[in-house]
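Let me begin by presenting the structure, written as structure tokens, before commenting on it.
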Amino acid sequence: MGRVAIVTGGTRGIGRAIGEMLRDQHGCTVIANYAGNDEAARAFSDETGMPTVKFDVGDHEAAVAGCQAVEDEHGPVDILVNNAGITRDGTLLKMSYDDWHDVMRINLGGCFNMAKAVFPGMKDRKWGRIVNIGSINGQAGQYGQVNYAAAKSGIHGFTKALAQEGARFGITVNAIAPGYIDTDMVAAVPEAVLEKIVAKIPVGRLGQAEEIARGVSFLCSEDGGFVTGSTMSINGGQHMY
Ligand code: NDP
């Protein structure tokens, strides 16, 4: 019997690729969380046969209840991938408080809410894998993204702190910092801006969602058990440090 994994924002883009790889490479039962796009969720389930669960990861009560519902139906969650994320871009001068707060609440608060729900069970069972999806823009900053860069940077700190708490219970906590990946999120970037971004990527192209999923797959494996508190950059060489 494979392990149970929950992937937030798992019905589209990077999250979908992660879920499919955890199922195919590790035999996991994968539950894909999503926020509101029922059409995409239905298409995902029809095409993959994988179950979905709808709740806002940024809503603490909803996230805790959602995880409980998943555990009641599928068994204890062994693997959590905090992948759900949004952008609300704009320069500081134009950014509203709501744009700041929504991104912090969902992108960073969602990691807390989800970890809070599943960490106690992982601790009791002495095994767990938590992978948080950060961003190159949390490492390097990005014009027009003080909210997103702050939330993603926060994810990297959250990861290192929680890794220290989980280590003696067999729980690893790591982050992946993707560069620009060909998903709906990047499709929303104006073409002229995107051209300039691609020109700065040494490998000369956008990444594919599967290239992030491979990193997650390793971090969730038994072989990845000595890796914790790390950030794996998968960005085509765009940011090196
Ligand atoms: P997409 O926009 O393609 O998909 C986002 C997914 O997250 C959807 O399933 C969406 O659900 C879900 N989601 C959004 N808000 C919430 C919420 N409040 N609660 C639960 N689920 C939610 O994103 P990507 O695949 O491009 O990105 C995935 C992650 O990778 C994000 O954290 C993003 O910040 C990060 N990232 C992406 C990069 C890229 O270049 N694409 C680069 C670096 C990092 P629904 O369909 O219902 O809206």
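Naming scheme: A, B, ... for chains in displayed order of the structure tokens; residues 1 onward per chain; ligands 1 onward as shown.
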
- request: Write out as an MDAnalysis selection string all residues of segment 48-89 of chain A that DSSP puts in helix (DSSP H, G or I) for this structure's backbone.
  value: chainID A and resid 48 60:74

task: Find the residues near ligand 1. Use a cut-off of 7 Å, count only C-alpha atoms and all ligand atoms, and write them as a ChimeraX atom specification.
output: /A:8-15,33-38,40-41,55-58,83-86,106-107,133-136,177-186

Just write the chosen residues, C-alpha atoms, as a PDB file, in the first residue's frame.
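The file below, result.pdb, is the result:
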```pdb
ATOM      1  CA  THR A   8      -2.161  21.762  -2.523  1.00  0.00           C
ATOM      2  CA  GLY A   9      -2.992  23.460  -5.796  1.00  0.00           C
ATOM      3  CA  GLY A  10      -2.669  19.981  -7.257  1.00  0.00           C
ATOM      4  CA  THR A  11      -5.178  20.189 -10.089  1.00  0.00           C
ATOM      5  CA  ARG A  12      -3.195  22.372 -12.488  1.00  0.00           C
ATOM      6  CA  GLY A  13       0.339  23.294 -13.480  1.00  0.00           C
ATOM      7  CA  ILE A  14       3.234  22.298 -11.262  1.00  0.00           C
ATOM      8  CA  GLY A  15       0.989  20.730  -8.617  1.00  0.00           C
ATOM      9  CA  ASN A  33      -6.437  20.208  -3.335  1.00  0.00           C
ATOM     10  CA  TYR A  34      -7.703  23.252  -5.222  1.00  0.00           C
ATOM     11  CA  ALA A  35      -9.409  26.565  -4.475  1.00  0.00           C
ATOM     12  CA  GLY A  36     -12.317  27.235  -6.804  1.00  0.00           C
ATOM     13  CA  ASN A  37     -11.755  26.216 -10.418  1.00  0.00           C
ATOM     14  CA  ASP A  38     -14.181  23.276 -10.480  1.00  0.00           C
ATOM     15  CA  ALA A  40     -10.105  22.299 -14.038  1.00  0.00           C
ATOM     16  CA  ALA A  41     -10.585  19.991 -11.055  1.00  0.00           C
ATOM     17  CA  PHE A  55     -10.695  24.338   0.199  1.00  0.00           C
ATOM     18  CA  ASP A  56      -8.776  27.576   0.560  1.00  0.00           C
ATOM     19  CA  VAL A  57      -5.383  26.747   2.103  1.00  0.00           C
ATOM     20  CA  GLY A  58      -5.239  30.299   3.436  1.00  0.00           C
ATOM     21  CA  ASN A  83       2.337  24.081  -3.760  1.00  0.00           C
ATOM     22  CA  ALA A  84      -0.753  26.342  -3.890  1.00  0.00           C
ATOM     23  CA  GLY A  85       0.145  29.887  -4.729  1.00  0.00           C
ATOM     24  CA  ILE A  86      -1.198  33.058  -6.317  1.00  0.00           C
ATOM     25  CA  ILE A 106      -2.436  31.998   0.828  1.00  0.00           C
ATOM     26  CA  ASN A 107       1.206  31.521  -0.193  1.00  0.00           C
ATOM     27  CA  ILE A 133       7.252  25.319  -3.207  1.00  0.00           C
ATOM     28  CA  GLY A 134       9.067  28.637  -2.926  1.00  0.00           C
ATOM     29  CA  SER A 135      10.338  30.660  -5.858  1.00  0.00           C
ATOM     30  CA  ILE A 136      13.374  32.185  -7.467  1.00  0.00           C
ATOM     31  CA  ALA A 177      12.663  27.257  -5.582  1.00  0.00           C
ATOM     32  CA  PRO A 178      11.469  27.004  -9.188  1.00  0.00           C
ATOM     33  CA  GLY A 179      12.553  29.436 -11.828  1.00  0.00           C
ATOM     34  CA  TYR A 180      10.086  30.364 -14.575  1.00  0.00           C
ATOM     35  CA  ILE A 181       7.933  27.345 -15.431  1.00  0.00           C
ATOM     36  CA  ASP A 182       5.541  27.060 -18.347  1.00  0.00           C
ATOM     37  CA  THR A 183       2.150  27.105 -16.540  1.00  0.00           C
ATOM     38  CA  ASP A 184      -0.997  29.260 -16.423  1.00  0.00           C
ATOM     39  CA  MET A 185       0.720  31.487 -13.856  1.00  0.00           C
ATOM     40  CA  VAL A 186       3.496  32.392 -16.277  1.00  0.00           C
TER      41      VAL A 186
END
```

message: Using Å and a single decimal, report how far atom CA of Tyr97 of chain A sits from atom CA of Asn147 of chain A.
response: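 According to the coordinates, atom CA of Asn147 of chain A and atom CA of Tyr97 of chain A are separated by 9.6 Å.
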
DSSP strand (DSSP E or B) residues within segment 64-185 of chain A, listed as a ChimeraX atom specification: /A:79-82,90,128-133,145,171-178,181

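Our summary of the geometry notes that atom CA of Arg129 of chain A is positioned 8.2 Å from atom CA of Val81 of chain A.
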
query: Could you name the residues that touch segment 25-27 of chain A at 10 Å or less, counting only C-alpha atoms, but leaving out those on the same chain fewer than 4 positions away, as an NGL selection string?
result: :A and (1-4 or 20-21 or 214 or 217-218 or 220-222)

Those same residues, written as a CSV table (one decimal), in the first residue's frame with N, CA and C atoms?
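See result21.csv below for the written result:
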```csv
chain,number,residue,atom,x,y,z
A,1,MET,N,0.9,-1.2,0.0
A,1,MET,CA,0.0,0.0,0.0
A,1,MET,C,0.9,1.2,0.0
A,2,GLY,N,0.7,2.1,-1.0
A,2,GLY,CA,1.5,3.3,-1.1
A,2,GLY,C,1.1,4.4,0.0
A,3,ARG,N,2.0,5.3,0.1
A,3,ARG,CA,1.7,6.4,1.1
A,3,ARG,C,0.7,7.4,0.6
A,4,VAL,N,0.1,8.1,1.5
A,4,VAL,CA,-0.9,9.1,1.2
A,4,VAL,C,-0.3,10.5,1.1
A,20,GLU,N,1.0,13.6,-10.2
A,20,GLU,CA,1.1,12.4,-11.1
A,20,GLU,C,2.5,11.7,-10.9
A,21,MET,N,3.5,12.4,-10.6
A,21,MET,CA,4.8,11.8,-10.4
A,21,MET,C,4.9,11.0,-9.1
A,214,ARG,N,10.1,16.2,-10.5
A,214,ARG,CA,11.2,15.3,-10.3
A,214,ARG,C,12.0,15.6,-9.0
A,217,SER,N,9.8,14.6,-6.1
A,217,SER,CA,9.8,13.1,-6.0
A,217,SER,C,11.0,12.6,-5.3
A,218,PHE,N,12.2,13.2,-5.6
A,218,PHE,CA,13.4,12.7,-4.8
A,218,PHE,C,13.2,13.1,-3.3
A,220,CYS,N,10.7,13.4,-1.5
A,220,CYS,CA,9.7,12.6,-0.9
A,220,CYS,C,10.1,11.1,-0.8
A,221,SER,N,11.2,10.7,-1.4
A,221,SER,CA,11.6,9.3,-1.4
A,221,SER,C,12.3,8.9,-0.1
A,222,GLU,N,12.4,7.6,0.1
A,222,GLU,CA,13.2,7.1,1.2
A,222,GLU,C,14.7,7.6,1.1
```

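Distances here use only C-alpha atoms; by that measure, the residue among A:Ala213, A:Val173, A:Ala140, A:Leu93 closest to Gln238 of chain A is A:Ala140.
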
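In this structure, atom CA of Ser45 of chain A sits 21.4 Å away from atom CA of Ala65 of chain A.
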
Quick one: everything within 10 Å of segment 162-166 of chain A, counting only C-alpha atoms, minus sequence neighbours fewer than 3 positions away in the same chain. Send it as a compact mmCIF listing (two decimals) with N, CA and C atoms, in the first residue's frame.
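Result file follows (result-v4.txt):
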```txt
# COMPACT_ATOMS: atom_id res chain seq x y z
N PHE A 112 1.66 27.15 6.74
CA PHE A 112 1.46 26.96 8.20
C PHE A 112 0.20 26.14 8.45
N ALA A 115 0.67 22.43 7.36
CA ALA A 115 1.64 21.72 8.20
C ALA A 115 1.07 21.48 9.59
N PHE A 119 1.31 17.66 10.63
CA PHE A 119 2.57 17.40 11.34
C PHE A 119 2.38 16.50 12.58
N PRO A 120 1.34 16.71 13.41
CA PRO A 120 1.21 15.87 14.60
C PRO A 120 1.12 14.37 14.27
N MET A 122 2.30 12.88 11.53
CA MET A 122 3.61 12.44 11.05
C MET A 122 4.54 12.18 12.24
N LYS A 123 4.48 13.07 13.20
CA LYS A 123 5.34 12.95 14.40
C LYS A 123 5.01 11.64 15.14
N LYS A 126 6.32 8.80 13.17
CA LYS A 126 7.78 8.89 13.00
C LYS A 126 8.22 8.83 11.53
N TRP A 127 7.41 9.38 10.67
CA TRP A 127 7.79 9.48 9.24
C TRP A 127 6.95 10.58 8.59
N GLY A 128 7.60 11.39 7.82
CA GLY A 128 6.86 12.41 7.08
C GLY A 128 7.75 13.12 6.09
N ARG A 129 7.11 13.64 5.07
CA ARG A 129 7.83 14.44 4.07
C ARG A 129 6.98 15.70 3.81
N ILE A 130 7.61 16.85 3.98
CA ILE A 130 6.93 18.11 3.65
C ILE A 130 7.81 18.84 2.65
N GLY A 157 12.38 30.42 5.03
CA GLY A 157 12.65 30.45 6.47
C GLY A 157 11.78 29.45 7.22
N PHE A 158 10.52 29.39 6.85
CA PHE A 158 9.57 28.43 7.46
C PHE A 158 10.12 27.00 7.32
N THR A 159 10.65 26.71 6.15
CA THR A 159 11.17 25.37 5.85
C THR A 159 12.32 25.01 6.79
N PHE A 169 11.91 13.30 14.49
CA PHE A 169 10.73 12.45 14.34
C PHE A 169 10.65 11.82 12.95
N GLY A 170 11.74 11.87 12.21
CA GLY A 170 11.74 11.25 10.88
C GLY A 170 10.99 12.06 9.84
N ILE A 171 10.77 13.33 10.13
CA ILE A 171 10.06 14.19 9.17
C ILE A 171 11.07 15.11 8.51
N THR A 172 11.17 15.04 7.21
CA THR A 172 12.03 15.99 6.50
C THR A 172 11.16 17.13 5.95
N VAL A 173 11.75 18.32 5.95
CA VAL A 173 11.04 19.50 5.44
C VAL A 173 12.00 20.24 4.52
N ASN A 174 11.64 20.35 3.27
CA ASN A 174 12.50 20.99 2.28
C ASN A 174 11.70 21.94 1.41
N VAL A 227 18.18 14.47 3.60
CA VAL A 227 18.08 15.86 3.09
C VAL A 227 16.95 16.56 3.82
N THR A 228 17.29 17.53 4.64
CA THR A 228 16.23 18.30 5.30
C THR A 228 16.69 19.73 5.55
N GLY A 229 15.74 20.65 5.47
CA GLY A 229 16.06 22.07 5.66
C GLY A 229 16.74 22.69 4.45
N SER A 230 16.69 21.98 3.33
CA SER A 230 17.40 22.50 2.15
C SER A 230 16.43 23.18 1.18
```
